[in-house]
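Asks: CSV, C-alpha atoms, file data-v3.csv:
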```csv
chain,number,residue,atom,x,y,z
A,282,MET,CA,28.2,-2.5,-7.6
A,283,TYR,CA,28.9,-3.3,-11.2
A,284,SER,CA,29.0,-1.5,-14.6
A,285,MET,CA,25.7,-1.1,-16.3
A,286,SER,CA,26.3,1.5,-19.0
A,287,THR,CA,25.5,-1.1,-21.6
A,288,LEU,CA,23.8,-4.4,-21.1
A,289,LEU,CA,23.9,-7.6,-23.1
A,290,TYR,CA,20.1,-7.9,-22.8
A,291,ARG,CA,19.6,-4.3,-23.7
A,292,PRO,CA,22.5,-2.7,-25.7
A,293,ASP,CA,20.8,0.7,-25.7
A,294,TRP,CA,20.4,0.7,-21.9
A,295,GLU,CA,22.5,3.8,-21.5
A,296,GLU,CA,20.1,5.9,-23.7
A,297,ALA,CA,17.1,4.5,-21.8
A,298,ARG,CA,18.8,5.2,-18.5
A,299,ASP,CA,19.5,8.8,-19.6
A,300,ARG,CA,15.8,9.3,-20.5
A,301,LEU,CA,14.7,8.0,-17.1
A,302,THR,CA,17.2,10.2,-15.3
A,303,ARG,CA,16.0,13.3,-17.1
A,304,TRP,CA,12.4,12.3,-16.5
A,305,TRP,CA,12.9,11.8,-12.7
A,306,HIS,CA,14.6,15.2,-12.6
A,307,GLY,CA,11.5,16.8,-14.1
A,308,GLU,CA,12.4,17.2,-17.8
A,309,ASP,CA,9.5,16.9,-20.2
A,310,LEU,CA,10.5,14.3,-22.8
A,311,GLY,CA,7.3,14.6,-24.8
A,312,ARG,CA,5.7,11.4,-23.8
A,313,ALA,CA,5.1,9.0,-21.0
A,314,MET,CA,7.9,6.7,-19.9
A,315,LEU,CA,7.1,3.2,-21.2
A,316,GLN,CA,8.2,-0.1,-19.7
A,317,ILE,CA,7.4,-2.5,-22.6
A,318,ALA,CA,8.3,-6.1,-22.6
A,319,THR,CA,8.0,-8.7,-25.3
A,320,PRO,CA,9.0,-12.4,-25.7
A,321,ARG,CA,12.6,-12.6,-26.9
A,322,GLU,CA,12.6,-13.9,-30.5
A,323,VAL,CA,16.3,-14.5,-30.7
A,324,VAL,CA,18.2,-16.2,-27.9
A,325,VAL,CA,21.0,-14.0,-26.6
A,326,GLU,CA,22.4,-16.4,-24.1
A,327,PRO,CA,21.2,-20.0,-23.8
A,328,ILE,CA,20.5,-21.0,-20.2
A,329,GLU,CA,19.6,-24.5,-19.3
A,330,GLN,CA,16.5,-24.8,-17.2
A,331,MET,CA,16.9,-26.4,-13.8
A,332,PRO,CA,14.0,-28.6,-12.6
A,333,VAL,CA,12.0,-27.4,-9.6
A,334,PRO,CA,13.6,-29.0,-6.5
A,335,PRO,CA,11.7,-31.5,-4.5
A,336,GLY,CA,9.5,-29.9,-1.8
A,337,VAL,CA,9.5,-26.5,-3.5
A,338,ILE,CA,5.9,-25.2,-3.7
A,339,CYS,CA,6.5,-21.6,-4.6
A,340,PRO,CA,9.5,-21.5,-7.1
A,341,ASN,CA,9.5,-17.6,-7.3
A,342,TYR,CA,10.0,-17.1,-3.6
A,343,THR,CA,11.5,-20.3,-2.2
A,344,ALA,CA,14.5,-20.0,0.1
A,345,ARG,CA,15.3,-23.8,-0.2
A,346,ASP,CA,17.7,-23.8,-3.1
A,347,ILE,CA,20.2,-21.1,-4.0
A,348,ASP,CA,21.3,-22.6,-7.4
A,349,PHE,CA,17.7,-23.0,-8.5
A,350,ARG,CA,16.7,-19.4,-7.6
A,351,VAL,CA,19.8,-18.0,-9.4
A,352,ASN,CA,19.0,-20.1,-12.5
A,353,LEU,CA,15.4,-18.9,-12.4
A,354,ALA,CA,16.5,-15.3,-12.1
A,355,ARG,CA,18.8,-15.7,-15.1
A,356,ARG,CA,16.1,-17.2,-17.2
A,357,GLN,CA,13.5,-14.6,-16.2
A,358,ALA,CA,15.9,-11.8,-17.4
A,359,ALA,CA,17.0,-13.6,-20.5
A,360,ASP,CA,13.5,-14.5,-21.8
A,361,ILE,CA,12.3,-10.9,-22.2
A,362,CYS,CA,13.1,-8.2,-24.8
A,363,TYR,CA,13.0,-4.7,-23.4
A,364,PHE,CA,11.8,-1.5,-25.1
A,365,GLY,CA,11.1,2.1,-24.1
A,366,GLU,CA,12.4,2.6,-20.6
A,367,ALA,CA,12.1,-1.0,-19.5
A,368,VAL,CA,15.2,-2.2,-17.6
A,369,PRO,CA,16.4,-5.8,-17.9
A,370,ARG,CA,16.0,-7.1,-14.3
A,371,ALA,CA,15.3,-10.0,-12.1
A,372,LEU,CA,14.5,-10.6,-8.4
A,373,PRO,CA,16.9,-13.3,-7.2
A,374,GLY,CA,16.7,-12.3,-3.6
A,375,ASP,CA,12.9,-11.9,-3.2
A,376,LEU,CA,11.6,-14.3,-0.6
A,377,GLY,CA,8.0,-13.1,-0.4
A,378,PRO,CA,5.8,-10.0,-0.3
A,379,ASN,CA,7.2,-8.8,3.0
A,380,THR,CA,10.8,-10.1,3.0
A,381,LEU,CA,11.7,-7.7,5.8
A,382,ALA,CA,9.3,-9.6,8.1
A,383,LEU,CA,11.3,-12.8,7.5
A,384,PHE,CA,14.5,-11.0,8.5
A,385,LEU,CA,12.8,-9.9,11.7
A,386,GLY,CA,11.6,-13.2,12.9
A,387,CYS,CA,8.7,-14.6,10.8
A,388,ASP,CA,8.9,-18.0,9.3
A,389,GLY,CA,7.9,-18.3,5.6
A,390,VAL,CA,5.4,-21.0,4.7
A,391,GLU,CA,5.4,-21.7,0.9
A,392,MET,CA,2.0,-21.7,-0.7
A,393,PRO,CA,1.1,-22.0,-4.4
A,394,GLY,CA,2.1,-18.7,-5.9
A,395,THR,CA,3.1,-16.9,-2.7
A,396,VAL,CA,4.6,-17.3,0.8
A,397,TRP,CA,2.5,-17.0,4.0
A,398,PHE,CA,4.2,-15.4,7.0
A,399,ARG,CA,3.7,-17.0,10.4
A,400,PRO,CA,3.4,-14.3,13.0
A,401,CYS,CA,6.1,-14.3,15.7
A,402,ILE,CA,5.1,-11.7,18.2
A,403,THR,CA,2.9,-13.3,20.8
A,404,ASP,CA,4.1,-11.4,23.9
A,405,THR,CA,4.6,-7.7,23.3
A,406,ASP,CA,6.6,-7.4,26.6
A,407,SER,CA,9.3,-9.9,25.8
A,408,PHE,CA,9.7,-9.8,22.0
A,409,ALA,CA,12.5,-7.6,20.8
A,410,LEU,CA,12.9,-6.3,17.2
A,411,ARG,CA,16.6,-6.4,16.4
A,412,TYR,CA,19.0,-6.8,13.6
A,413,ASP,CA,20.2,-10.4,13.4
A,414,PRO,CA,23.1,-10.8,11.0
A,415,ASP,CA,22.7,-14.6,11.2
A,416,ASN,CA,19.0,-14.8,10.4
A,417,PHE,CA,18.5,-17.6,7.9
A,418,TYR,CA,16.4,-15.6,5.4
A,419,TRP,CA,18.8,-12.7,5.5
A,420,GLN,CA,21.8,-15.0,4.8
A,421,VAL,CA,19.8,-16.6,1.9
A,422,CYS,CA,18.9,-13.2,0.5
A,423,LYS,CA,22.5,-12.0,0.5
A,424,ARG,CA,23.8,-15.2,-1.0
A,425,LEU,CA,21.1,-15.1,-3.8
A,426,HIS,CA,22.3,-11.7,-4.8
A,427,GLU,CA,26.0,-12.5,-4.4
A,428,GLU,CA,25.7,-15.7,-6.5
A,429,SER,CA,23.5,-14.1,-9.2
A,430,LEU,CA,25.9,-11.2,-9.5
A,431,LYS,CA,28.4,-13.6,-10.9
A,432,PHE,CA,26.1,-14.1,-13.9
A,433,SER,CA,24.3,-10.8,-14.2
A,434,SER,CA,27.2,-8.4,-14.6
A,435,GLY,CA,27.0,-6.6,-17.9
A,436,LYS,CA,23.7,-8.3,-18.7
A,437,TRP,CA,20.9,-7.3,-16.4
A,438,LEU,CA,20.2,-5.5,-13.1
A,439,HIS,CA,19.0,-6.8,-9.7
A,440,GLN,CA,15.6,-5.5,-8.4
A,441,PHE,CA,15.2,-5.0,-4.7
A,442,PRO,CA,13.4,-7.7,-2.9
A,443,ASP,CA,9.9,-6.7,-1.8
A,444,LEU,CA,11.0,-5.6,1.7
A,445,ILE,CA,7.9,-3.7,2.8
A,446,GLU,CA,7.8,-1.5,5.9
A,447,GLY,CA,5.7,0.1,8.6
A,448,LEU,CA,2.3,-1.3,9.6
A,449,ASP,CA,2.3,-4.0,6.9
A,450,THR,CA,5.6,-5.4,8.3
A,451,LEU,CA,4.2,-5.2,11.9
A,452,ALA,CA,1.0,-6.9,10.7
A,453,ALA,CA,3.1,-9.8,9.4
A,454,LEU,CA,5.0,-10.1,12.6
A,455,ARG,CA,2.0,-9.7,14.9
A,456,GLY,CA,-0.9,-10.9,12.8
A,457,SER,CA,-3.2,-8.4,11.1
A,458,GLN,CA,-6.2,-8.9,13.4
A,459,GLN,CA,-4.2,-8.6,16.5
A,460,LEU,CA,-2.4,-5.5,15.2
A,461,LEU,CA,-5.8,-3.8,14.6
A,462,VAL,CA,-6.5,-4.4,18.3
A,463,ASP,CA,-3.1,-3.1,19.3
A,464,LEU,CA,-3.7,0.1,17.5
A,465,LEU,CA,-6.5,0.8,20.0
A,466,ASP,CA,-5.1,-0.9,23.1
A,467,ARG,CA,-1.3,-0.4,22.7
A,468,PRO,CA,-0.8,2.7,20.5
A,469,GLU,CA,2.5,3.6,22.1
A,470,TRP,CA,3.9,0.1,21.6
A,471,VAL,CA,2.8,0.3,18.0
A,472,HIS,CA,4.6,3.7,17.5
A,473,THR,CA,7.8,2.3,19.1
A,474,CYS,CA,7.7,-0.8,16.9
A,475,LEU,CA,7.2,1.3,13.8
A,476,GLN,CA,10.2,3.5,14.7
A,477,GLN,CA,12.3,0.3,15.2
A,478,ILE,CA,11.1,-1.2,12.0
A,479,THR,CA,12.1,1.8,10.0
A,480,GLN,CA,15.6,1.8,11.5
A,481,LEU,CA,16.0,-1.9,10.8
A,482,TYR,CA,14.6,-1.5,7.3
A,483,PHE,CA,17.6,0.6,6.4
A,484,ARG,CA,20.1,-1.7,8.0
A,485,TYR,CA,19.1,-4.2,5.4
A,486,TYR,CA,18.3,-1.8,2.6
A,487,ASP,CA,21.7,-0.2,2.7
A,488,VAL,CA,23.5,-3.5,2.4
A,489,LEU,CA,21.4,-4.6,-0.5
A,490,TYR,CA,21.7,-1.2,-2.2
A,491,ASP,CA,25.5,-1.4,-2.1
A,492,LEU,CA,25.3,-4.9,-3.6
A,493,ILE,CA,22.9,-4.1,-6.5
A,494,ARG,CA,23.3,-0.4,-7.4
A,495,ASP,CA,24.8,0.4,-10.8
A,496,GLU,CA,27.9,2.5,-11.4
A,497,ILE,CA,26.0,5.8,-11.1
A,498,GLY,CA,24.1,4.7,-8.0
A,499,GLY,CA,20.9,3.8,-9.8
A,500,SER,CA,18.6,1.1,-8.4
A,501,VAL,CA,15.5,-0.8,-9.4
A,502,PHE,CA,12.2,-1.2,-7.4
A,503,TRP,CA,9.6,-2.0,-10.1
A,504,CYS,CA,11.2,0.7,-12.2
A,505,TRP,CA,14.7,2.3,-12.4
A,506,ALA,CA,15.8,5.5,-10.7
A,507,PRO,CA,19.2,7.2,-10.7
A,508,GLY,CA,19.8,6.7,-7.0
A,509,ARG,CA,18.3,5.2,-3.8
A,510,LEU,CA,14.8,4.2,-4.8
A,511,GLY,CA,12.1,3.1,-2.2
A,512,LYS,CA,8.8,1.4,-2.8
A,513,LEU,CA,6.4,2.2,0.0
A,514,GLN,CA,3.0,0.7,0.9
A,515,CYS,CA,0.4,0.1,3.6
A,516,ASP,CA,-2.1,-2.4,2.5
A,517,ILE,CA,-3.6,-2.7,6.0
A,518,SER,CA,-4.6,1.0,5.6
A,519,CYS,CA,-7.7,-0.4,4.0
A,520,SER,CA,-8.8,-1.4,7.5
A,521,ILE,CA,-8.0,1.8,9.4
A,522,SER,CA,-9.4,5.4,9.3
A,523,PRO,CA,-7.6,8.4,7.7
A,524,ALA,CA,-6.9,9.7,11.2
A,525,MET,CA,-5.2,6.5,12.2
A,526,PHE,CA,-3.2,6.4,9.0
A,527,ARG,CA,-2.0,10.0,9.6
A,528,ASP,CA,-1.1,9.1,13.2
A,529,PHE,CA,0.7,5.8,12.7
A,530,MET,CA,1.9,5.6,9.1
A,531,MET,CA,2.5,9.1,7.9
A,532,PRO,CA,5.6,9.6,10.2
A,533,VAL,CA,7.0,6.3,8.8
A,534,LEU,CA,6.5,7.5,5.2
A,535,GLN,CA,7.9,10.9,5.9
A,536,GLU,CA,11.1,9.5,7.2
A,537,MET,CA,11.4,6.9,4.5
A,538,THR,CA,11.0,9.4,1.7
A,539,GLU,CA,13.6,11.6,3.4
A,540,ARG,CA,16.1,8.7,3.5
A,541,THR,CA,15.8,7.7,-0.1
A,542,SER,CA,16.4,9.9,-3.1
A,543,TYR,CA,13.4,8.6,-5.1
A,544,SER,CA,10.2,6.9,-4.0
A,545,LEU,CA,6.9,5.4,-5.1
A,546,TYR,CA,3.9,4.5,-3.1
A,547,HIS,CA,2.0,1.3,-4.0
A,548,LEU,CA,-1.7,2.2,-3.6
A,549,ASP,CA,-3.6,-1.0,-3.6
A,550,GLY,CA,-7.4,-1.2,-3.8
A,551,PRO,CA,-10.3,1.2,-3.7
A,552,ALA,CA,-10.5,1.2,0.1
A,553,ALA,CA,-7.0,2.6,0.2
A,554,THR,CA,-7.8,5.7,-1.8
A,555,VAL,CA,-9.2,7.5,1.3
A,556,HIS,CA,-5.6,8.1,2.3
A,557,LEU,CA,-4.5,9.6,-1.0
A,558,GLU,CA,-4.9,13.2,0.2
A,559,ALA,CA,-2.4,12.5,3.0
A,560,LEU,CA,0.0,10.7,0.7
A,561,LEU,CA,0.0,13.7,-1.7
A,562,SER,CA,1.0,16.0,1.1
A,563,LEU,CA,4.4,14.2,1.5
A,564,PRO,CA,6.8,16.6,0.0
A,565,ARG,CA,9.4,14.0,-1.1
A,566,LEU,CA,7.0,11.3,-2.4
A,567,GLY,CA,7.8,11.1,-6.1
A,568,MET,CA,5.2,8.7,-7.6
A,569,VAL,CA,2.0,6.8,-6.8
A,570,GLN,CA,1.5,3.4,-8.3
A,571,TRP,CA,-2.2,2.5,-8.6
A,572,ILE,CA,-3.3,-1.2,-8.4
A,573,PRO,CA,-7.2,-1.3,-8.4
A,574,GLY,CA,-7.4,-4.9,-7.2
A,575,ALA,CA,-9.8,-7.7,-8.1
A,576,GLY,CA,-13.4,-7.1,-9.0
A,577,VAL,CA,-13.1,-3.5,-10.2
A,578,GLU,CA,-12.2,-1.7,-13.4
A,579,PRO,CA,-8.5,-2.0,-14.4
A,580,ALA,CA,-6.0,0.8,-13.9
A,581,TRP,CA,-6.4,2.3,-17.4
A,582,HIS,CA,-10.2,2.8,-17.0
A,583,SER,CA,-11.6,6.4,-17.1
A,584,ARG,CA,-13.0,5.9,-13.6
A,585,TYR,CA,-9.6,6.6,-12.3
A,586,TRP,CA,-8.7,9.6,-14.5
A,587,PRO,CA,-9.8,12.2,-11.9
A,588,MET,CA,-7.5,10.6,-9.4
A,589,TYR,CA,-4.6,10.7,-11.9
A,590,HIS,CA,-5.2,14.4,-12.5
A,591,ASP,CA,-5.1,15.0,-8.7
A,592,ILE,CA,-1.8,13.1,-8.4
A,593,ILE,CA,-0.3,15.0,-11.2
A,594,GLU,CA,-1.6,18.4,-9.9
A,595,ALA,CA,0.1,17.6,-6.6
A,596,GLY,CA,3.4,17.3,-8.5
A,597,LYS,CA,3.7,13.5,-8.3
A,598,ARG,CA,4.0,11.0,-11.1
A,599,VAL,CA,1.7,8.1,-11.8
A,600,MET,CA,2.7,4.4,-12.4
A,601,ILE,CA,0.2,2.0,-13.9
A,602,PHE,CA,0.1,-1.3,-15.7
A,603,LEU,CA,-2.0,-1.9,-18.9
A,604,ASP,CA,-3.3,-5.2,-20.2
A,605,ASP,CA,-3.6,-4.0,-23.8
A,606,VAL,CA,-1.8,-1.4,-26.0
A,607,LYS,CA,-5.1,0.0,-27.2
A,608,GLN,CA,-5.5,1.8,-23.9
A,609,LEU,CA,-2.4,3.9,-24.5
A,610,SER,CA,-4.1,6.1,-27.0
A,611,GLU,CA,-7.0,6.7,-24.7
A,612,LEU,CA,-4.7,7.8,-21.9
A,613,LYS,CA,-2.8,10.0,-24.3
A,614,ARG,CA,-6.0,11.8,-25.5
A,615,GLU,CA,-7.2,12.4,-21.9
A,616,PHE,CA,-3.9,13.6,-20.4
A,617,ALA,CA,-2.3,15.3,-23.5
A,618,GLU,CA,0.5,17.4,-22.2
A,619,LYS,CA,0.3,15.7,-18.8
A,620,SER,CA,1.1,12.3,-20.3
A,621,GLN,CA,4.8,12.8,-19.5
A,622,SER,CA,3.9,12.4,-15.8
A,623,PHE,CA,3.1,8.7,-16.4
A,624,ILE,CA,5.3,5.6,-16.4
A,625,ILE,CA,3.3,2.8,-18.0
A,626,SER,CA,4.1,-0.9,-18.1
A,627,VAL,CA,2.7,-3.1,-20.8
A,628,TYR,CA,3.4,-6.5,-22.2
A,629,VAL,CA,3.1,-6.9,-26.0
A,630,HIS,CA,3.6,-9.8,-28.4
A,631,THR,CA,6.3,-8.6,-30.8
A,632,PRO,CA,9.1,-6.1,-31.1
A,633,ALA,CA,7.3,-4.4,-34.0
A,634,GLU,CA,4.3,-3.8,-31.7
A,635,ALA,CA,6.5,-2.4,-29.0
A,636,GLN,CA,8.0,0.1,-31.5
A,637,ARG,CA,4.5,1.2,-32.7
A,638,CYS,CA,3.6,1.9,-29.1
A,639,ILE,CA,6.5,4.2,-28.6
A,640,LYS,CA,6.0,6.1,-31.9
A,641,MET,CA,2.2,6.5,-31.1
A,642,MET,CA,3.0,8.1,-27.8
A,643,GLU,CA,5.6,10.4,-29.4
A,644,LEU,CA,3.2,11.8,-32.1
```
How does the structure come out when it is put into structure tokens?
Replies:
Amino acid sequence: MYSMSTLLYRPDWEEARDRLTRWWHGEDLGRAMLQIATPREVVVEPIEQMPVPPGVICPNYTARDIDFRVNLARRQAADICYFGEAVPRALPGDLGPNTLALFLGCDGVEMPGTVWFRPCITDTDSFALRYDPDNFYWQVCKRLHEESLKFSSGKWLHQFPDLIEGLDTLAALRGSQQLLVDLLDRPEWVHTCLQQITQLYFRYYDVLYDLIRDEIGGSVFWCWAPGRLGKLQCDISCSISPAMFRDFMMPVLQEMTERTSYSLYHLDGPAATVHLEALLSLPRLGMVQWIPGAGVEPAWHSRYWPMYHDIIEAGKRVMIFLDDVKQLSELKREFAEKSQSFIISVYVHTPAEAQRCIKMMEL
């Protein structure tokens, strides 16, 4: 834990954090929350760039070089100027889009832009899911956070690594195709594994939370919340029925939302929307983040407005990414007094443009 009431990379962070706290607690602040980033025009802290180490294929996820990853995180935080409710942050300990699976036995294979997880459960009778304090990836993840904390204190926050949970973690451990067979042939085994994965998730989450939380207990998982924040997902849900989702995944999500103070669900792709009704029935789920996926209209498109209305009517918030500030005015017109239920991320080119976005949403 370290003091974050003001940050070198965002001197007005205390005011932004106060707005986010009040927003999470249901206060209407008159506009959507805005995570606006621009290129930094004035260097606040010069950081010499380290070259990519030999053999590293995926610099953003590599576990091969602690010093390089810490240097990369520092530069990622320092190169951006933050407006609205954007929090200066970096992901030094992220080892791939399912870091928990690495802690539980998968090997990570670096690919351009990502990491592929080699399944490790070949025999369901002999494999045991367990907490391994000496696991290579867990040790690297902790060291990355510990080392980068030496540089980040008073400057920027650490975002949680993309841990992932439930069926997606089991799919990484078992292989997606084999897991789909297991759902039919070994349902009790799957249920047992999911219960174990949830317990193990929090063995790791709790350690990381104590490392990276700010002085009021706030944490970052794609946005900031004033307490224990969890990002939930189930991308393999695109391949299963609503009945299977309710049977296997809903108990996981129920428990995870009860064990965190704030939560958001990463809903990814049109095929996943069949599960939205179930998700909106979770009493403690706070927000749905919509990612349409490739080949369809982007998140700001009017095609998705009925879905956003449904999410808001269910008492949840909506998180989306825009690719142009022009779309802000369209969303504001459609949702009017409901716009305060959104948190919107957008990248703009200048600080002046960022300020215009904020003023436009306030009018």
Asks: Which residue out of A:Ile317, A:Cys362, A:Leu492, A:Met531 has the minimum interatomic distance to Gly447 (chain A) when only C-alpha atoms are used?
Replies: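 Of the candidates, the smallest distance to Gly447 (chain A) is held by A:Met531.
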Asks: What lies within 12 Å of Glu391 (chain A) using all atoms listed in the file, ignoring chain neighbours under 2 positions off, as a compact mmCIF listing (two decimals) with C-alpha atoms, keeping the file's coordinate frame?
Replies:
```txt
# COMPACT_ATOMS: atom_id res chain seq x y z
CA GLY A 336 9.50 -29.90 -1.80
CA VAL A 337 9.50 -26.50 -3.50
CA ILE A 338 5.90 -25.20 -3.70
CA CYS A 339 6.50 -21.60 -4.60
CA PRO A 340 9.50 -21.50 -7.10
CA ASN A 341 9.50 -17.60 -7.30
CA TYR A 342 10.00 -17.10 -3.60
CA THR A 343 11.50 -20.30 -2.20
CA ALA A 344 14.50 -20.00 0.10
CA ARG A 345 15.30 -23.80 -0.20
CA LEU A 376 11.60 -14.30 -0.60
CA GLY A 377 8.00 -13.10 -0.40
CA PRO A 378 5.80 -10.00 -0.30
CA ASP A 388 8.90 -18.00 9.30
CA GLY A 389 7.90 -18.30 5.60
CA PRO A 393 1.10 -22.00 -4.40
CA GLY A 394 2.10 -18.70 -5.90
CA THR A 395 3.10 -16.90 -2.70
CA VAL A 396 4.60 -17.30 0.80
CA TRP A 397 2.50 -17.00 4.00
CA PHE A 398 4.20 -15.40 7.00
CA ARG A 399 3.70 -17.00 10.40
```
Asks: So which one's closest to Asp404 (chain A), A:Arg370, A:Arg455, A:Arg356, A:Lys613? Using all atoms listed in the file, please.
Replies: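 That would be A:Arg455, the residue with the smallest distance to Asp404 (chain A).
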Asks: For the atom pair CA of Ala318 (chain A) and CA of Ser620 (chain A), what is the interatomic distance in Å to one decimal place?
Replies: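 For CA of Ala318 (chain A) relative to CA of Ser620 (chain A), the distance reads 19.9 Å.
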Asks: Quick one: distance from CA of Val569 (chain A) to CA of Tyr546 (chain A) in Å, one decimal?
Replies: 4.8 Å
Asks: Measure the distance from CA of Pro373 (chain A) to CA of Gln440 (chain A) in Å and round it to one decimal.
Replies: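 If I compute the distance from CA of Pro373 (chain A) to CA of Gln440 (chain A), I get 8.0 Å.
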Asks: Which residues are near region 464-471 of chain A? Cut-off 12 Å, all atoms listed in the file, ignore same chain within fewer than 5 positions. Put them as a ChimeraX atom specification.
Replies: /A:404-406,408-410,447-452,454-455,457-459,476-478,517-518,520-522,524-526,528-530,533
Asks: Mind dumping the selected residues with C-alpha atoms as a PDB file, keeping the file's coordinate frame?
Replies:
```pdb
ATOM      1  CA  ASP A 404       4.100 -11.400  23.900  1.00  0.00           C
ATOM      2  CA  THR A 405       4.600  -7.700  23.300  1.00  0.00           C
ATOM      3  CA  ASP A 406       6.600  -7.400  26.600  1.00  0.00           C
ATOM      4  CA  PHE A 408       9.700  -9.800  22.000  1.00  0.00           C
ATOM      5  CA  ALA A 409      12.500  -7.600  20.800  1.00  0.00           C
ATOM      6  CA  LEU A 410      12.900  -6.300  17.200  1.00  0.00           C
ATOM      7  CA  GLY A 447       5.700   0.100   8.600  1.00  0.00           C
ATOM      8  CA  LEU A 448       2.300  -1.300   9.600  1.00  0.00           C
ATOM      9  CA  ASP A 449       2.300  -4.000   6.900  1.00  0.00           C
ATOM     10  CA  THR A 450       5.600  -5.400   8.300  1.00  0.00           C
ATOM     11  CA  LEU A 451       4.200  -5.200  11.900  1.00  0.00           C
ATOM     12  CA  ALA A 452       1.000  -6.900  10.700  1.00  0.00           C
ATOM     13  CA  LEU A 454       5.000 -10.100  12.600  1.00  0.00           C
ATOM     14  CA  ARG A 455       2.000  -9.700  14.900  1.00  0.00           C
ATOM     15  CA  SER A 457      -3.200  -8.400  11.100  1.00  0.00           C
ATOM     16  CA  GLN A 458      -6.200  -8.900  13.400  1.00  0.00           C
ATOM     17  CA  GLN A 459      -4.200  -8.600  16.500  1.00  0.00           C
ATOM     18  CA  GLN A 476      10.200   3.500  14.700  1.00  0.00           C
ATOM     19  CA  GLN A 477      12.300   0.300  15.200  1.00  0.00           C
ATOM     20  CA  ILE A 478      11.100  -1.200  12.000  1.00  0.00           C
ATOM     21  CA  ILE A 517      -3.600  -2.700   6.000  1.00  0.00           C
ATOM     22  CA  SER A 518      -4.600   1.000   5.600  1.00  0.00           C
ATOM     23  CA  SER A 520      -8.800  -1.400   7.500  1.00  0.00           C
ATOM     24  CA  ILE A 521      -8.000   1.800   9.400  1.00  0.00           C
ATOM     25  CA  SER A 522      -9.400   5.400   9.300  1.00  0.00           C
ATOM     26  CA  ALA A 524      -6.900   9.700  11.200  1.00  0.00           C
ATOM     27  CA  MET A 525      -5.200   6.500  12.200  1.00  0.00           C
ATOM     28  CA  PHE A 526      -3.200   6.400   9.000  1.00  0.00           C
ATOM     29  CA  ASP A 528      -1.100   9.100  13.200  1.00  0.00           C
ATOM     30  CA  PHE A 529       0.700   5.800  12.700  1.00  0.00           C
ATOM     31  CA  MET A 530       1.900   5.600   9.100  1.00  0.00           C
ATOM     32  CA  VAL A 533       7.000   6.300   8.800  1.00  0.00           C
TER      33      VAL A 533
END
```
Asks: Tell me which of A:Tyr543, A:Asp605, A:Pro320, A:Pro334 sits closest to Gly498 (chain A), counting all atoms listed in the file.
Replies: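 Under the stated criterion, the closest residue is A:Tyr543.
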Asks: Contacts of Pro551 (chain A) at 10 Å or less, counting only C-alpha atoms, minus same-chain residues fewer than 6 places along, as number ranges by chain?
Replies: A: 519, 571-575, 577
Asks: Which residue is closest to Val325 (chain A)? Choose from A:Val351, A:Lys436, A:Leu444, A:Val421 and count all atoms listed in the file.
Replies: A:Lys436
Asks: Looking at A:Asp463, A:Ser622, A:Pro523, A:Met600, which one is nearest to Glu308 (chain A), with distances taken over all atoms listed in the file?
Replies: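 Selected residue with least distance to Glu308 (chain A): A:Ser622.
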Asks: Which polymer residues have any atom within 7 Å of an atom of Pro369 (chain A), counting all atoms listed in the file, with same-chain residues fewer than 5 positions away left out, as an NGL selection string?
Replies: :A and (290-291 or 358 or 363 or 437-438)
Asks: Measuring between only C-alpha atoms, which one of A:Thr541, A:Thr302, A:Gln420, A:Thr403 shows the shortest distance to Gly456 (chain A)?
Replies: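 Looking only at the distances to Gly456 (chain A), the closest residue turns out to be A:Thr403.
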Asks: Just want the 12 Å neighbourhood of Val488 (chain A), counted on only C-alpha atoms, with same-chain residues fewer than 4 positions away dropped. Output as a list in words.
Replies: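 Counting only C-alpha atoms, the residues come to Met282, Pro414, Trp419, Gln420, Cys422, Lys423, His426, Glu427, Phe441, Leu481, Tyr482, Phe483, Arg484, Leu492, Ile493, Arg494 and Arg509 of chain A.
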Asks: Store the residues of this selection in a file with C-alpha atoms, as an mmCIF file, in the frame of the given file.
Replies:
```cif
data_model
loop_
_atom_site.group_PDB
_atom_site.id
_atom_site.type_symbol
_atom_site.label_atom_id
_atom_site.label_comp_id
_atom_site.auth_asym_id
_atom_site.auth_seq_id
_atom_site.Cartn_x
_atom_site.Cartn_y
_atom_site.Cartn_z
ATOM 1 C CA MET A 282 28.200 -2.500 -7.600
ATOM 2 C CA PRO A 414 23.100 -10.800 11.000
ATOM 3 C CA TRP A 419 18.800 -12.700 5.500
ATOM 4 C CA GLN A 420 21.800 -15.000 4.800
ATOM 5 C CA CYS A 422 18.900 -13.200 0.500
ATOM 6 C CA LYS A 423 22.500 -12.000 0.500
ATOM 7 C CA HIS A 426 22.300 -11.700 -4.800
ATOM 8 C CA GLU A 427 26.000 -12.500 -4.400
ATOM 9 C CA PHE A 441 15.200 -5.000 -4.700
ATOM 10 C CA LEU A 481 16.000 -1.900 10.800
ATOM 11 C CA TYR A 482 14.600 -1.500 7.300
ATOM 12 C CA PHE A 483 17.600 0.600 6.400
ATOM 13 C CA ARG A 484 20.100 -1.700 8.000
ATOM 14 C CA LEU A 492 25.300 -4.900 -3.600
ATOM 15 C CA ILE A 493 22.900 -4.100 -6.500
ATOM 16 C CA ARG A 494 23.300 -0.400 -7.400
ATOM 17 C CA ARG A 509 18.300 5.200 -3.800
#
```
